[in-house]
Amino acid sequence: MNLNLEGKIALVTGSSKGIGKSIATSLYEEGCKVVLNGRHGAALKIAAKPLGGSYFVADVTNPKECRDLVNYVIKKYGKLDILICNVGSGKSVPPEMETESEWKKMLDLNFFSAINIIYAAMDSLKKTKGVIVCMSSIAGMETMCAPITYSISKAALNSYVKRISKSLAKNGIRINSVSPGNIFFKGSVWERKIKDNKLKVTKMLKQEVSLGRFGTPEEVSNLVIFLASSKSSFITGSNFVIDGGQLKS
């Protein structure tokens, strides 16, 4: 399928590895000019090299650094068509051990990391009638074995996407979210869990996931680039689950 993405300018936050890198790769293969982002320059430089070499080091939990990042994209390419908000982390504390600082950290990583870059890019996206895709999680949709701080911050992101979509649509901007389930890639939390107890992980997949396996970053990026394309032009304000059939409802 031709997604008509040739020549589009895309910014992918949190794209030095894993799902973010896979999304950036898929966009590049579809003909986009892609800017990668992360907090560590060495890793970004390596990831960006085969994808055109464009990257910018910035912490998107900081609004000023978000503005600097968008300014870099506009200065280099003159516009921004696609924004992928991929920064996030599920590493937090067990239930009842949440502190004010932990709540703030997790909200910054999983909610404000998207909000900050969206507002920094808003004017540029209005000019191109651009597209935003926010990476969320099934943990934000159903009670499961995940840190409460992570689940609530992702639920907030899902709610934001739904509620801001009508306002953004007035300026021709579409916004959707994608909620992956258990995705395996090198360096992921699942790699560590398999090393710790492979039998437990295998049992979990068999019992909880209809397809009985992990998803891959490539399977997630296939959905994301579809949502970023004109093939999904009548879709906005929606959340798309890609979990192999794990959610119960």
# chains A, B, ... in the order shown; residues from 1 in each chain; ligands from 1

call {"tool": "residues_around", "arguments": {"residues": "Gly88 (chain A)", "least_positions_apart": "4", "cutoff": "12 Å", "atoms": "only C-alpha atoms", "output": "PyMOL selection string"}}
result
chain A and resi 13-15+18-20+38+59-61+92+105-114+134-137+149-151+153-154+157

call {"tool": "write_last_selection", "arguments": {"atoms": "C-alpha atoms", "output": "PDB file, in the first residue's frame"}}
result
ATOM      1  CA  THR A  13      10.568  11.677  20.098  1.00  0.00           C
ATOM      2  CA  GLY A  14      12.265   8.924  22.072  1.00  0.00           C
ATOM      3  CA  SER A  15      13.559   7.315  18.904  1.00  0.00           C
ATOM      4  CA  GLY A  18      12.907   0.174  20.480  1.00  0.00           C
ATOM      5  CA  ILE A  19       9.477   1.217  19.242  1.00  0.00           C
ATOM      6  CA  GLY A  20      10.519   4.798  18.548  1.00  0.00           C
ATOM      7  CA  GLY A  38      16.329  11.593  22.639  1.00  0.00           C
ATOM      8  CA  ASP A  59      14.545  16.360  27.034  1.00  0.00           C
ATOM      9  CA  VAL A  60      10.888  16.697  26.071  1.00  0.00           C
ATOM     10  CA  THR A  61       9.785  16.904  29.695  1.00  0.00           C
ATOM     11  CA  SER A  92       8.061   2.913  38.959  1.00  0.00           C
ATOM     12  CA  LYS A 105       8.384  11.941  37.557  1.00  0.00           C
ATOM     13  CA  MET A 106       5.938   9.530  35.949  1.00  0.00           C
ATOM     14  CA  LEU A 107       3.541  12.253  34.837  1.00  0.00           C
ATOM     15  CA  ASP A 108       6.465  14.149  33.301  1.00  0.00           C
ATOM     16  CA  LEU A 109       7.675  11.059  31.430  1.00  0.00           C
ATOM     17  CA  ASN A 110       4.358   9.654  30.264  1.00  0.00           C
ATOM     18  CA  PHE A 111       2.037  12.658  29.995  1.00  0.00           C
ATOM     19  CA  PHE A 112       3.862  15.979  29.843  1.00  0.00           C
ATOM     20  CA  SER A 113       6.512  14.581  27.491  1.00  0.00           C
ATOM     21  CA  ALA A 114       3.729  14.451  24.887  1.00  0.00           C
ATOM     22  CA  CYS A 134       0.859   9.531  20.843  1.00  0.00           C
ATOM     23  CA  MET A 135       2.247   6.262  22.127  1.00  0.00           C
ATOM     24  CA  SER A 136       0.261   5.111  25.145  1.00  0.00           C
ATOM     25  CA  SER A 137      -0.258   1.671  26.747  1.00  0.00           C
ATOM     26  CA  THR A 149       1.698   5.842  38.489  1.00  0.00           C
ATOM     27  CA  TYR A 150       2.350   4.527  34.986  1.00  0.00           C
ATOM     28  CA  SER A 151      -1.234   3.406  34.434  1.00  0.00           C
ATOM     29  CA  SER A 153      -0.307   8.810  33.501  1.00  0.00           C
ATOM     30  CA  LYS A 154      -1.164   6.816  30.370  1.00  0.00           C
ATOM     31  CA  LEU A 157      -2.745  10.800  27.935  1.00  0.00           C
TER      32      LEU A 157
END

call {"tool": "residues_around", "arguments": {"residues": "region 56-58 of chain A", "least_positions_apart": "2", "cutoff": "8 Å", "atoms": "only C-alpha atoms", "output": "PyMOL selection string"}}
result
chain A and resi 35-41+44+54+60+65-66+68-69+72

call {"tool": "select_by_dssp", "arguments": {"residues": "region 26-246 of chain A", "states": "strand (DSSP E or B)", "output": "ChimeraX atom specification"}}
result
/A:33-38,55-57,82-85,131-135,174-180,183,215,239-242

call {"tool": "write_last_selection", "arguments": {"atoms": "C-alpha atoms", "output": "PDB file, in the first residue's frame"}}
result
ATOM      1  CA  LYS A  33      12.530  13.006   6.093  1.00  0.00           C
ATOM      2  CA  VAL A  34      12.815  12.026   9.745  1.00  0.00           C
ATOM      3  CA  VAL A  35      14.255  13.835  12.765  1.00  0.00           C
ATOM      4  CA  LEU A  36      15.103  11.564  15.681  1.00  0.00           C
ATOM      5  CA  ASN A  37      15.097  12.769  19.274  1.00  0.00           C
ATOM      6  CA  GLY A  38      16.329  11.593  22.639  1.00  0.00           C
ATOM      7  CA  TYR A  55      18.655  14.183  15.107  1.00  0.00           C
ATOM      8  CA  PHE A  56      18.352  16.648  17.976  1.00  0.00           C
ATOM      9  CA  VAL A  57      19.189  16.041  21.624  1.00  0.00           C
ATOM     10  CA  ILE A  82       4.026  14.400  11.400  1.00  0.00           C
ATOM     11  CA  LEU A  83       4.686  14.353  15.144  1.00  0.00           C
ATOM     12  CA  ILE A  84       5.123  11.028  16.961  1.00  0.00           C
ATOM     13  CA  CYS A  85       5.175  11.332  20.763  1.00  0.00           C
ATOM     14  CA  VAL A 131      -0.866  14.558  12.194  1.00  0.00           C
ATOM     15  CA  ILE A 132      -0.012  13.600  15.783  1.00  0.00           C
ATOM     16  CA  VAL A 133       0.280  10.056  17.106  1.00  0.00           C
ATOM     17  CA  CYS A 134       0.859   9.531  20.843  1.00  0.00           C
ATOM     18  CA  MET A 135       2.247   6.262  22.127  1.00  0.00           C
ATOM     19  CA  ARG A 174      -5.571  14.900  13.453  1.00  0.00           C
ATOM     20  CA  ILE A 175      -4.474  13.246  16.706  1.00  0.00           C
ATOM     21  CA  ASN A 176      -4.724   9.611  17.796  1.00  0.00           C
ATOM     22  CA  SER A 177      -3.072   7.340  20.331  1.00  0.00           C
ATOM     23  CA  VAL A 178      -1.729   3.798  20.086  1.00  0.00           C
ATOM     24  CA  SER A 179      -1.756   1.467  23.096  1.00  0.00           C
ATOM     25  CA  PRO A 180       0.640  -1.464  22.741  1.00  0.00           C
ATOM     26  CA  ILE A 183       6.351  -5.650  22.974  1.00  0.00           C
ATOM     27  CA  GLY A 215       4.444  -8.173  19.723  1.00  0.00           C
ATOM     28  CA  ASN A 239      -7.100   5.059  20.737  1.00  0.00           C
ATOM     29  CA  PHE A 240      -5.881   1.932  18.932  1.00  0.00           C
ATOM     30  CA  VAL A 241      -4.982  -1.205  20.858  1.00  0.00           C
ATOM     31  CA  ILE A 242      -2.273  -3.545  19.586  1.00  0.00           C
TER      32      ILE A 242
END

call {"tool": "closest_residue", "arguments": {"among": "A:Ser230, A:Ser167, A:Ser124, A:Gln246", "to": "Asn182 (chain A)", "atoms": "only C-alpha atoms"}}
result
A:Gln246

call {"tool": "residues_around", "arguments": {"residues": "region 204-212 of chain A", "least_positions_apart": "2", "cutoff": "10 Å", "atoms": "only C-alpha atoms", "output": "count of residues only"}}
result
15

call {"tool": "atom_distance", "arguments": {"atom1": "CA of Ile138 (chain A)", "atom2": "CA of Ile152 (chain A)"}}
result
11.1 Å

call {"tool": "closest_residue", "arguments": {"among": "A:Ser159, A:Ser188, A:Asn171, A:Asn2", "to": "Lys91 (chain A)", "atoms": "only C-alpha atoms"}}
result
A:Ser188

call {"tool": "closest_residue", "arguments": {"among": "A:Cys32, A:Ala24, A:Met141, A:Ala43", "to": "Val224 (chain A)", "atoms": "only C-alpha atoms"}}
result
A:Ala24

call {"tool": "select_by_dssp", "arguments": {"residues": "region 55-168 of chain A", "states": "helix (DSSP H, G or I)", "output": "NGL selection string"}}
result
:A and (63-77 or 100-128 or 138-140 or 148-168)

call {"tool": "closest_residue", "arguments": {"among": "A:Thr216, A:Ser238, A:Asn71, A:Ser22", "to": "Ala121 (chain A)", "atoms": "only C-alpha atoms"}}
result
A:Asn71

call {"tool": "closest_residue", "arguments": {"among": "A:Leu227, A:Pro147, A:Val73, A:Asp196", "to": "Glu96 (chain A)", "atoms": "only C-alpha atoms"}}
result
A:Pro147

call {"tool": "atom_distance", "arguments": {"atom1": "CA of Lys75 (chain A)", "atom2": "CA of Asn222 (chain A)"}}
result
28.8 Å

call {"tool": "closest_residue", "arguments": {"among": "A:Ile173, A:Pro94, A:Asn4, A:Thr143", "to": "Val161 (chain A)", "atoms": "only C-alpha atoms"}}
result
A:Ile173

call {"tool": "atom_distance", "arguments": {"atom1": "CA of Ile9 (chain A)", "atom2": "CA of Asp81 (chain A)"}}
result
5.2 Å
